[in-house]
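Visitor: Contents of start-v3.tsv (TSV, C-alpha atoms (C1' of nucleotides)) are below:
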```
chain	number	residue	atom	x	y	z
A	13	MET	CA	-160.65	-225.83	-6.07
A	14	LYS	CA	-161.34	-223.30	-8.80
A	15	LEU	CA	-159.03	-222.28	-11.64
A	16	ALA	CA	-159.83	-219.48	-14.07
A	17	THR	CA	-158.41	-217.69	-17.10
A	18	TRP	CA	-159.08	-214.21	-18.49
A	19	ASN	CA	-157.52	-212.27	-21.32
A	20	VAL	CA	-157.89	-208.74	-19.91
A	21	ASN	CA	-156.51	-206.71	-22.86
A	22	SER	CA	-154.44	-204.31	-20.70
A	23	LEU	CA	-154.22	-204.92	-16.95
A	24	LYS	CA	-153.72	-201.18	-16.43
A	25	VAL	CA	-157.19	-200.45	-17.85
A	26	ARG	CA	-158.88	-203.58	-16.46
A	27	LEU	CA	-157.37	-203.77	-12.95
A	28	PRO	CA	-160.50	-202.47	-11.15
A	29	GLN	CA	-162.62	-205.04	-13.01
A	30	VAL	CA	-160.17	-207.85	-12.21
A	31	LEU	CA	-160.17	-206.94	-8.51
A	32	ASP	CA	-163.99	-206.74	-8.47
A	33	TRP	CA	-164.18	-210.07	-10.26
A	34	LEU	CA	-161.84	-211.78	-7.79
A	35	ARG	CA	-163.84	-210.45	-4.86
A	36	ALA	CA	-167.02	-211.90	-6.42
A	37	HIS	CA	-165.28	-215.12	-7.63
A	38	PRO	CA	-162.60	-215.99	-5.08
A	39	VAL	CA	-160.91	-218.61	-7.25
A	40	ASP	CA	-157.73	-220.36	-6.13
A	41	ALA	CA	-155.86	-219.26	-9.26
A	42	LEU	CA	-156.61	-216.79	-12.04
A	43	CYS	CA	-154.47	-216.84	-15.19
A	44	LEU	CA	-154.30	-213.49	-16.98
A	45	GLN	CA	-153.20	-212.69	-20.52
A	46	GLU	CA	-152.40	-209.51	-22.44
A	47	LEU	CA	-151.19	-207.56	-19.42
A	48	LYS	CA	-149.59	-205.05	-21.80
A	49	LEU	CA	-147.30	-203.73	-19.09
A	50	ALA	CA	-143.64	-204.04	-18.14
A	51	ASP	CA	-142.53	-206.21	-15.20
A	52	ASP	CA	-141.98	-203.22	-12.91
A	53	GLN	CA	-145.47	-201.88	-13.64
A	54	PHE	CA	-147.23	-205.01	-12.33
A	55	PRO	CA	-149.77	-204.06	-9.62
A	56	LEU	CA	-148.63	-206.65	-7.07
A	57	GLN	CA	-149.81	-204.63	-4.06
A	58	ALA	CA	-153.38	-204.34	-5.38
A	59	PHE	CA	-153.59	-208.15	-5.49
A	60	ALA	CA	-151.86	-208.54	-2.12
A	61	ASP	CA	-154.45	-206.19	-0.60
A	62	ILE	CA	-157.23	-208.66	-1.48
A	63	GLY	CA	-155.26	-211.73	-0.36
A	64	TYR	CA	-153.60	-212.93	-3.54
A	65	HIS	CA	-150.05	-213.73	-4.59
A	66	ALA	CA	-148.81	-213.43	-8.17
A	67	GLN	CA	-146.23	-214.66	-10.65
A	68	TRP	CA	-145.95	-212.77	-13.90
A	69	ALA	CA	-143.99	-212.22	-17.09
A	70	GLY	CA	-144.51	-208.70	-18.36
A	71	GLN	CA	-143.55	-206.78	-21.46
A	72	LYS	CA	-144.07	-203.19	-22.53
A	73	THR	CA	-147.05	-202.60	-24.89
A	74	TYR	CA	-147.84	-206.17	-25.91
A	75	ASN	CA	-148.44	-209.68	-24.51
A	76	GLY	CA	-147.66	-210.37	-20.85
A	77	VAL	CA	-149.11	-213.15	-18.64
A	78	ALA	CA	-149.68	-213.80	-14.93
A	79	VAL	CA	-150.92	-216.37	-12.43
A	80	ILE	CA	-152.78	-214.75	-9.51
A	81	SER	CA	-153.12	-217.28	-6.67
A	82	ARG	CA	-154.33	-217.69	-3.09
A	83	GLU	CA	-151.20	-219.63	-2.18
A	84	PRO	CA	-147.74	-218.40	-3.20
A	85	GLY	CA	-146.41	-220.03	-6.36
A	86	ALA	CA	-143.04	-221.77	-6.54
A	87	ASP	CA	-140.60	-222.53	-9.38
A	88	PRO	CA	-141.84	-219.87	-11.81
A	89	GLN	CA	-140.82	-220.31	-15.42
A	90	ARG	CA	-141.12	-217.86	-18.30
A	91	ASN	CA	-141.10	-218.69	-21.98
A	92	LEU	CA	-140.84	-221.96	-23.87
A	93	PRO	CA	-137.44	-223.59	-23.34
A	94	GLY	CA	-135.32	-223.56	-26.48
A	95	PHE	CA	-137.63	-221.13	-28.27
A	96	GLU	CA	-135.88	-217.81	-28.86
A	97	ASP	CA	-138.58	-215.22	-28.21
A	98	HIS	CA	-138.78	-211.83	-26.55
A	99	GLN	CA	-142.59	-212.02	-26.53
A	100	GLN	CA	-143.85	-212.85	-23.04
A	101	ARG	CA	-146.51	-215.50	-23.59
A	102	ILE	CA	-145.92	-218.10	-20.87
A	103	ILE	CA	-145.70	-218.12	-17.09
A	104	ALA	CA	-145.73	-221.42	-15.23
A	105	THR	CA	-145.77	-221.88	-11.48
A	106	THR	CA	-146.33	-224.62	-8.91
A	107	LEU	CA	-149.07	-224.29	-6.32
A	108	PRO	CA	-149.49	-226.49	-3.25
A	109	GLY	CA	-152.52	-228.81	-3.29
A	110	PRO	CA	-154.06	-231.43	-0.99
A	111	SER	CA	-153.27	-234.21	-3.49
A	112	GLY	CA	-149.81	-232.93	-4.39
A	113	PRO	CA	-148.26	-229.98	-6.21
A	114	LEU	CA	-150.29	-228.43	-9.03
A	115	ARG	CA	-148.50	-226.95	-12.05
A	116	VAL	CA	-150.48	-224.00	-13.38
A	117	ILE	CA	-149.57	-222.37	-16.68
A	118	SER	CA	-150.96	-219.13	-18.09
A	119	ALA	CA	-150.56	-219.04	-21.88
A	120	TYR	CA	-151.13	-216.29	-24.41
A	121	CYS	CA	-150.78	-218.15	-27.70
A	122	PRO	CA	-150.01	-216.10	-30.83
A	123	ASN	CA	-152.92	-214.68	-32.82
A	124	GLY	CA	-151.45	-215.40	-36.25
A	125	GLN	CA	-153.01	-212.35	-37.95
A	126	ALA	CA	-153.88	-214.06	-41.28
A	127	VAL	CA	-153.33	-217.48	-42.83
A	128	GLY	CA	-150.06	-217.43	-44.79
A	129	SER	CA	-148.59	-214.39	-43.00
A	130	ASP	CA	-145.27	-214.33	-41.10
A	131	LYS	CA	-147.24	-214.15	-37.86
A	132	TYR	CA	-149.18	-217.28	-38.86
A	133	ALA	CA	-145.92	-219.17	-39.46
A	134	TYR	CA	-144.68	-217.94	-36.07
A	135	LYS	CA	-147.91	-219.18	-34.47
A	136	LEU	CA	-147.47	-222.72	-35.82
A	137	LYS	CA	-143.78	-222.80	-34.80
A	138	TRP	CA	-144.71	-221.53	-31.36
A	139	TYR	CA	-147.36	-224.27	-31.00
A	140	ALA	CA	-144.82	-226.92	-31.99
A	141	ALA	CA	-142.48	-225.67	-29.26
A	142	LEU	CA	-145.37	-225.59	-26.78
A	143	HIS	CA	-146.18	-229.22	-27.63
A	144	THR	CA	-142.57	-230.33	-27.09
A	145	TRP	CA	-142.35	-228.50	-23.77
A	146	LEU	CA	-145.71	-229.77	-22.46
A	147	ALA	CA	-144.76	-233.38	-23.21
A	148	ASP	CA	-141.79	-232.81	-20.89
A	149	GLU	CA	-143.66	-230.78	-18.32
A	150	LEU	CA	-146.34	-233.49	-18.00
A	151	GLN	CA	-143.64	-235.97	-16.99
A	152	ARG	CA	-142.39	-233.60	-14.31
A	153	TYR	CA	-145.84	-232.49	-13.12
A	154	PRO	CA	-148.62	-235.08	-13.53
A	155	ARG	CA	-151.08	-232.60	-12.02
A	156	LEU	CA	-150.93	-229.90	-14.69
A	157	ALA	CA	-153.41	-227.28	-15.90
A	158	ILE	CA	-152.70	-224.91	-18.77
A	159	LEU	CA	-155.17	-222.07	-19.11
A	160	GLY	CA	-155.26	-219.15	-21.49
A	161	ASP	CA	-156.05	-217.55	-24.80
A	162	TYR	CA	-155.20	-220.19	-27.42
A	163	ASN	CA	-156.37	-218.09	-30.35
A	164	ILE	CA	-157.85	-221.27	-31.82
A	165	ALA	CA	-161.53	-222.28	-32.01
A	166	PRO	CA	-161.14	-226.09	-31.92
A	167	ALA	CA	-164.38	-227.00	-33.75
A	168	ASP	CA	-167.15	-225.44	-35.79
A	169	GLU	CA	-169.46	-225.48	-32.77
A	170	ASP	CA	-167.00	-222.96	-31.25
A	171	VAL	CA	-167.65	-220.49	-34.09
A	172	HIS	CA	-170.75	-218.30	-34.47
A	173	ASP	CA	-170.67	-218.47	-38.28
A	174	PRO	CA	-168.53	-221.43	-39.43
A	175	ALA	CA	-169.22	-220.79	-43.12
A	176	LYS	CA	-168.00	-217.21	-42.92
A	177	TRP	CA	-164.94	-218.21	-40.87
A	178	ALA	CA	-164.01	-221.35	-42.84
A	179	GLY	CA	-160.26	-221.55	-43.48
A	180	GLN	CA	-159.52	-218.24	-41.76
A	181	VAL	CA	-157.04	-217.58	-38.99
A	182	LEU	CA	-158.23	-218.90	-35.57
A	183	VAL	CA	-160.13	-221.79	-37.24
A	184	SER	CA	-157.83	-223.02	-40.05
A	185	GLU	CA	-157.02	-226.72	-40.25
A	186	PRO	CA	-153.29	-226.42	-39.37
A	187	GLU	CA	-154.23	-224.45	-36.26
A	188	ARG	CA	-156.86	-226.99	-35.25
A	189	GLU	CA	-154.28	-229.75	-35.76
A	190	ALA	CA	-151.89	-227.87	-33.46
A	191	PHE	CA	-154.63	-227.76	-30.81
A	192	GLU	CA	-155.47	-231.44	-31.33
A	193	ALA	CA	-151.78	-232.29	-30.86
A	194	LEU	CA	-152.09	-230.90	-27.33
A	195	THR	CA	-155.15	-233.02	-26.58
A	196	ALA	CA	-153.24	-236.01	-28.01
A	197	LEU	CA	-150.79	-235.52	-25.11
A	198	GLY	CA	-153.71	-236.43	-22.86
A	199	LEU	CA	-154.77	-232.87	-22.11
A	200	SER	CA	-158.54	-232.52	-21.87
A	201	ASP	CA	-160.58	-229.48	-22.96
A	202	ALA	CA	-162.39	-229.03	-19.64
A	203	PHE	CA	-165.29	-227.11	-21.19
A	204	ARG	CA	-166.18	-230.06	-23.44
A	205	GLN	CA	-166.17	-232.54	-20.58
A	206	PHE	CA	-169.67	-231.26	-19.83
A	207	GLU	CA	-172.96	-230.52	-21.52
A	208	GLN	CA	-172.89	-226.83	-22.46
A	209	PRO	CA	-175.32	-224.25	-23.77
A	210	PRO	CA	-175.17	-223.99	-27.58
A	211	LYS	CA	-173.34	-220.96	-29.01
A	212	SER	CA	-170.94	-220.69	-26.06
A	213	TYR	CA	-168.08	-218.30	-26.82
A	214	THR	CA	-165.28	-216.55	-24.91
A	215	TRP	CA	-164.34	-213.73	-27.31
A	216	TRP	CA	-166.40	-211.19	-29.21
A	217	ASP	CA	-164.84	-208.55	-31.47
A	218	TYR	CA	-165.29	-204.98	-30.24
A	219	ARG	CA	-166.63	-204.07	-33.69
A	220	GLN	CA	-169.98	-204.69	-35.34
A	221	PHE	CA	-171.89	-205.03	-32.05
A	222	SER	CA	-170.50	-208.57	-31.94
A	223	PHE	CA	-171.40	-209.21	-28.31
A	224	ARG	CA	-174.96	-207.99	-28.72
A	225	ARG	CA	-175.31	-210.39	-31.69
A	226	ASN	CA	-173.38	-213.15	-29.85
A	227	ALA	CA	-171.05	-213.24	-32.87
A	228	GLY	CA	-168.19	-214.83	-30.97
A	229	LEU	CA	-165.59	-217.58	-30.92
A	230	ARG	CA	-164.52	-219.98	-28.18
A	231	ILE	CA	-160.75	-219.45	-28.14
A	232	ASP	CA	-159.99	-219.35	-24.39
A	233	HIS	CA	-159.53	-222.81	-22.91
A	234	VAL	CA	-158.70	-224.78	-19.79
A	235	LEU	CA	-156.67	-227.92	-20.57
A	236	LEU	CA	-156.24	-230.50	-17.81
A	237	SER	CA	-153.76	-233.36	-17.52
A	238	PRO	CA	-155.02	-236.97	-17.22
A	239	ALA	CA	-154.46	-236.82	-13.45
A	240	LEU	CA	-156.67	-233.73	-13.13
A	241	SER	CA	-159.46	-234.08	-15.68
A	242	PRO	CA	-161.35	-236.83	-13.77
A	243	HIS	CA	-161.56	-234.39	-10.83
A	244	CYS	CA	-163.10	-231.61	-12.89
A	245	VAL	CA	-166.80	-231.25	-12.02
A	246	ALA	CA	-167.71	-228.06	-13.91
A	247	CYS	CA	-166.42	-225.60	-16.47
A	248	GLU	CA	-168.18	-222.32	-17.29
A	249	ILE	CA	-167.76	-219.11	-19.21
A	250	ASP	CA	-168.57	-215.92	-17.28
A	251	LYS	CA	-170.24	-213.99	-20.10
A	252	GLN	CA	-171.38	-211.26	-17.74
A	253	THR	CA	-168.02	-209.45	-17.72
A	254	ARG	CA	-168.29	-208.80	-21.45
A	255	GLY	CA	-171.28	-206.57	-20.68
A	256	ASN	CA	-169.23	-204.41	-18.27
A	257	GLU	CA	-168.53	-200.77	-18.91
A	258	GLN	CA	-165.21	-200.65	-20.82
A	259	PRO	CA	-165.00	-204.47	-21.05
A	260	SER	CA	-162.23	-206.76	-22.19
A	261	ASP	CA	-163.14	-208.39	-25.50
A	262	HIS	CA	-162.65	-211.79	-23.76
A	263	ALA	CA	-164.70	-213.38	-20.97
A	264	PRO	CA	-163.28	-215.48	-18.10
A	265	VAL	CA	-163.49	-219.29	-18.11
A	266	ILE	CA	-163.72	-221.07	-14.74
A	267	ALA	CA	-163.04	-224.76	-14.02
A	268	THR	CA	-164.03	-226.40	-10.74
A	269	LEU	CA	-162.01	-229.38	-9.47
A	270	GLU	CA	-162.83	-231.66	-6.57
B	15	DA	C1'	-167.74	-202.10	-45.97
B	16	DT	C1'	-161.40	-202.27	-42.33
B	17	DG	C1'	-166.62	-200.70	-38.16
B	18	DT	C1'	-163.36	-200.74	-31.89
B	19	DC	C1'	-160.20	-200.65	-28.32
B	20	DC	C1'	-155.51	-200.24	-26.46
B	21	DC	C1'	-150.83	-199.06	-26.99
B	22	DT	C1'	-146.79	-195.93	-28.45
B	23	DA	C1'	-144.32	-191.97	-30.27
B	24	DC	C1'	-139.62	-186.57	-32.73
B	25	DG	C1'	-147.35	-186.74	-29.24
B	26	DC	C1'	-152.77	-183.94	-29.61
B	27	DT	C1'	-153.03	-187.92	-34.76
B	28	DA	C1'	-151.50	-191.99	-37.07
B	29	DG	C1'	-150.24	-196.72	-37.20
B	30	DG	C1'	-149.55	-201.53	-35.27
B	31	DG	C1'	-151.83	-205.30	-33.14
B	32	DA	C1'	-155.72	-207.83	-31.91
```
Would you write out, as structure tokens, the structure that this file holds?
Guide:
Amino acid sequence: MKLATWNVNSLKVRLPQVLDWLRAHPVDALCLQELKLADDQFPLQAFADIGYHAQWAGQKTYNGVAVISREPGADPQRNLPGFEDHQQRIIATTLPGPSGPLRVISAYCPNGQAVGSDKYAYKLKWYAALHTWLADELQRYPRLAILGDYNIAPADEDVHDPAKWAGQVLVSEPEREAFEALTALGLSDAFRQFEQPPKSYTWWDYRQFSFRRNAGLRIDHVLLSPALSPHCVACEIDKQTRGNEQPSDHAPVIATLE
DNA sequence: ATGTCCCTACGCTAGGGA
């Protein structure tokens, strides 16, 4: 079984690339972030035409998340319970699996803009609410995978130039602690379960020829519950999409489970 | 050194967000 995540930075613009990608990589579930479209604009039929179902939480202009899946999802849930927020950053759904139901969550975690800003404070509050909810959700669904854009590079090896980035948003210590709090729940960073090529990243700024220079960060992650992580046999970044014409600034990450 | 891409709006250019 394959699970993937991709921040597409506008599904309207990227839909042809997403459909092409799914045809070439027929994963069981693809989590999308930054749809940037309202619920009634979601291109459900385009996914149905290539044999996929979808659950989504849309919003005009910003944010928006979806789970595209081979099997129909059940019990969809939007947002973090108890966290007042109009920003659509979470969609969770349950997929059938041979070893029991699989809870799949697509997450678009806040960017935080700059350390010390209002958006940074919101990011840390949001992460605290995510932690509380996941502790609960793990009790309900032992087989749980949360995939998405975390907007956190967990370690210096996930940063192309750690000295330049030191202390900045996406790598600051409070953010890394928020990420580590998730792994302390038992969630495993699937990518780091395996030997990986050095300088592996999932996001490259559109500016400064960042992709050409491989000046990136690893901020898109697949986290697996203790019941799932032993079954993970591979986790890869599909860098190729970043070289597309009119690319997203993020590349997909794919985890393979047996 | 604020570079690019995507979105929206009292729209054809500027500003927010990433």
Visitor: Closest to Lys24 of chain A among A:Ile231, A:Pro186, A:Ser260, A:Thr105, using all atoms listed in the file?
Guide: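 Comparing A:Ile231, A:Pro186, A:Ser260, A:Thr105 against Lys24 of chain A, the winner is A:Ser260.
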Visitor: Using Å and a single decimal, report how far atom CA of Tyr162 of chain A sits from atom CA of Cys43 of chain A.
Guide: 12.7 Å
Visitor: Counting all atoms listed in the file, which residues of chain A come no farther than 12 Å from chain B, as a PyMOL selection string?
Guide: chain A and resi 19-26+46-49+71-75+122-126+131+163+182+215-222+258-262
Visitor: Counting only C-alpha atoms (C1' of nucleotides), what is within 10 Å of segment 233-247 of chain A, bar same-chain residues fewer than 2 positions away, as an NGL selection string?
Guide: :A and (13-18 or 114-119 or 150 or 153-166 or 194-195 or 197-208 or 214 or 230-231 or 249-250 or 264-270)
Visitor: Rounded to one decimal place, report the atom CA of Asp40 of chain A-atom CA of Gly76 of chain A distance in Å.
Guide: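 Interatomic distance, atom CA of Asp40 of chain A to atom CA of Gly76 of chain A: 20.4 Å.
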Visitor: Go ahead and fit an axis-aligned box to every listed atom of segment 20-30 of chain B plus 6 Å each side, and pass me the centre and edge lengths in Å, one decimal, as AutoDock Vina command-line options.
Guide:
```
--center_x -147.6 --center_y -192.7 --center_z -31.8 --size_x 27.9 --size_y 29.6 --size_z 22.7
```
Visitor: Quick one: distance from atom CA of Gln57 of chain A to atom CA of Ala263 of chain A in Å, one decimal?
Guide: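 Separation between atom CA of Gln57 of chain A and atom CA of Ala263 of chain A: 24.2 Å.
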Visitor: Could you rebuild segment 104-130 of chain A with N, CA, C and O atoms and give me the result as a compact mmCIF listing (two decimals), in the coordinates of the input?
Guide:
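What follows is the written file out-v1.txt:
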```txt
# COMPACT_ATOMS: atom_id res chain seq x y z
N ALA A 104 -145.34 -220.18 -15.90
CA ALA A 104 -145.73 -221.42 -15.23
C ALA A 104 -145.31 -221.31 -13.77
O ALA A 104 -144.28 -220.70 -13.47
N THR A 105 -146.14 -221.88 -12.89
CA THR A 105 -145.77 -221.88 -11.48
C THR A 105 -146.40 -223.09 -10.80
O THR A 105 -147.36 -223.67 -11.32
N THR A 106 -145.84 -223.45 -9.65
CA THR A 106 -146.33 -224.62 -8.91
C THR A 106 -147.04 -224.17 -7.65
O THR A 106 -146.47 -223.43 -6.85
N LEU A 107 -148.29 -224.62 -7.50
CA LEU A 107 -149.07 -224.29 -6.32
C LEU A 107 -149.23 -225.52 -5.45
O LEU A 107 -149.34 -226.64 -5.97
N PRO A 108 -149.28 -225.33 -4.12
CA PRO A 108 -149.49 -226.49 -3.25
C PRO A 108 -150.95 -226.95 -3.35
O PRO A 108 -151.85 -226.15 -3.57
N GLY A 109 -151.16 -228.26 -3.25
CA GLY A 109 -152.52 -228.81 -3.29
C GLY A 109 -152.63 -229.98 -2.35
O GLY A 109 -151.61 -230.59 -1.99
N PRO A 110 -153.86 -230.32 -1.93
CA PRO A 110 -154.06 -231.43 -0.99
C PRO A 110 -153.59 -232.76 -1.56
O PRO A 110 -153.16 -233.64 -0.81
N SER A 111 -153.67 -232.93 -2.89
CA SER A 111 -153.27 -234.21 -3.49
C SER A 111 -151.91 -234.11 -4.18
O SER A 111 -151.60 -234.90 -5.06
N GLY A 112 -151.14 -233.09 -3.80
CA GLY A 112 -149.81 -232.93 -4.39
C GLY A 112 -149.70 -231.62 -5.14
O GLY A 112 -150.70 -230.93 -5.34
N PRO A 113 -148.47 -231.27 -5.54
CA PRO A 113 -148.26 -229.98 -6.21
C PRO A 113 -149.03 -229.89 -7.52
O PRO A 113 -149.20 -230.89 -8.24
N LEU A 114 -149.50 -228.69 -7.82
CA LEU A 114 -150.29 -228.43 -9.03
C LEU A 114 -149.52 -227.44 -9.89
O LEU A 114 -149.20 -226.34 -9.45
N ARG A 115 -149.18 -227.85 -11.11
CA ARG A 115 -148.50 -226.95 -12.05
C ARG A 115 -149.55 -226.17 -12.81
O ARG A 115 -150.40 -226.77 -13.49
N VAL A 116 -149.51 -224.86 -12.69
CA VAL A 116 -150.48 -224.00 -13.38
C VAL A 116 -149.73 -223.14 -14.39
O VAL A 116 -148.73 -222.49 -14.05
N ILE A 117 -150.21 -223.13 -15.61
CA ILE A 117 -149.57 -222.37 -16.68
C ILE A 117 -150.58 -221.39 -17.26
O ILE A 117 -151.71 -221.76 -17.59
N SER A 118 -150.16 -220.13 -17.38
CA SER A 118 -150.96 -219.13 -18.09
C SER A 118 -150.32 -218.92 -19.45
O SER A 118 -149.13 -218.61 -19.54
N ALA A 119 -151.11 -219.09 -20.52
CA ALA A 119 -150.56 -219.04 -21.88
C ALA A 119 -151.31 -218.02 -22.73
O ALA A 119 -152.55 -218.00 -22.75
N TYR A 120 -150.54 -217.19 -23.40
CA TYR A 120 -151.13 -216.29 -24.41
C TYR A 120 -150.56 -216.71 -25.76
O TYR A 120 -149.48 -216.27 -26.17
N CYS A 121 -151.26 -217.59 -26.44
CA CYS A 121 -150.78 -218.15 -27.70
C CYS A 121 -150.91 -217.09 -28.80
O CYS A 121 -151.82 -216.26 -28.77
N PRO A 122 -150.00 -217.13 -29.78
CA PRO A 122 -150.01 -216.10 -30.83
C PRO A 122 -151.33 -216.06 -31.58
O PRO A 122 -152.00 -217.08 -31.75
N ASN A 123 -151.68 -214.88 -32.06
CA ASN A 123 -152.92 -214.68 -32.82
C ASN A 123 -152.80 -215.19 -34.25
O ASN A 123 -153.72 -215.80 -34.79
N GLY A 124 -151.68 -214.91 -34.90
CA GLY A 124 -151.45 -215.40 -36.25
C GLY A 124 -151.89 -214.48 -37.38
O GLY A 124 -151.62 -214.76 -38.54
N GLN A 125 -152.60 -213.42 -37.01
CA GLN A 125 -153.01 -212.35 -37.95
C GLN A 125 -153.82 -212.82 -39.16
O GLN A 125 -154.99 -212.50 -39.28
N ALA A 126 -153.18 -213.56 -40.08
CA ALA A 126 -153.88 -214.06 -41.28
C ALA A 126 -153.15 -215.30 -41.78
O ALA A 126 -151.93 -215.39 -41.66
N VAL A 127 -153.93 -216.24 -42.31
CA VAL A 127 -153.33 -217.48 -42.83
C VAL A 127 -152.30 -217.12 -43.91
O VAL A 127 -152.60 -216.30 -44.79
N GLY A 128 -151.10 -217.69 -43.80
CA GLY A 128 -150.06 -217.43 -44.79
C GLY A 128 -149.12 -216.30 -44.44
O GLY A 128 -148.09 -216.13 -45.08
N SER A 129 -149.45 -215.52 -43.39
CA SER A 129 -148.59 -214.39 -43.00
C SER A 129 -147.39 -214.89 -42.19
O SER A 129 -147.37 -216.04 -41.74
N ASP A 130 -146.41 -214.00 -41.96
CA ASP A 130 -145.27 -214.33 -41.10
C ASP A 130 -145.75 -214.66 -39.69
O ASP A 130 -145.22 -215.57 -39.03
```
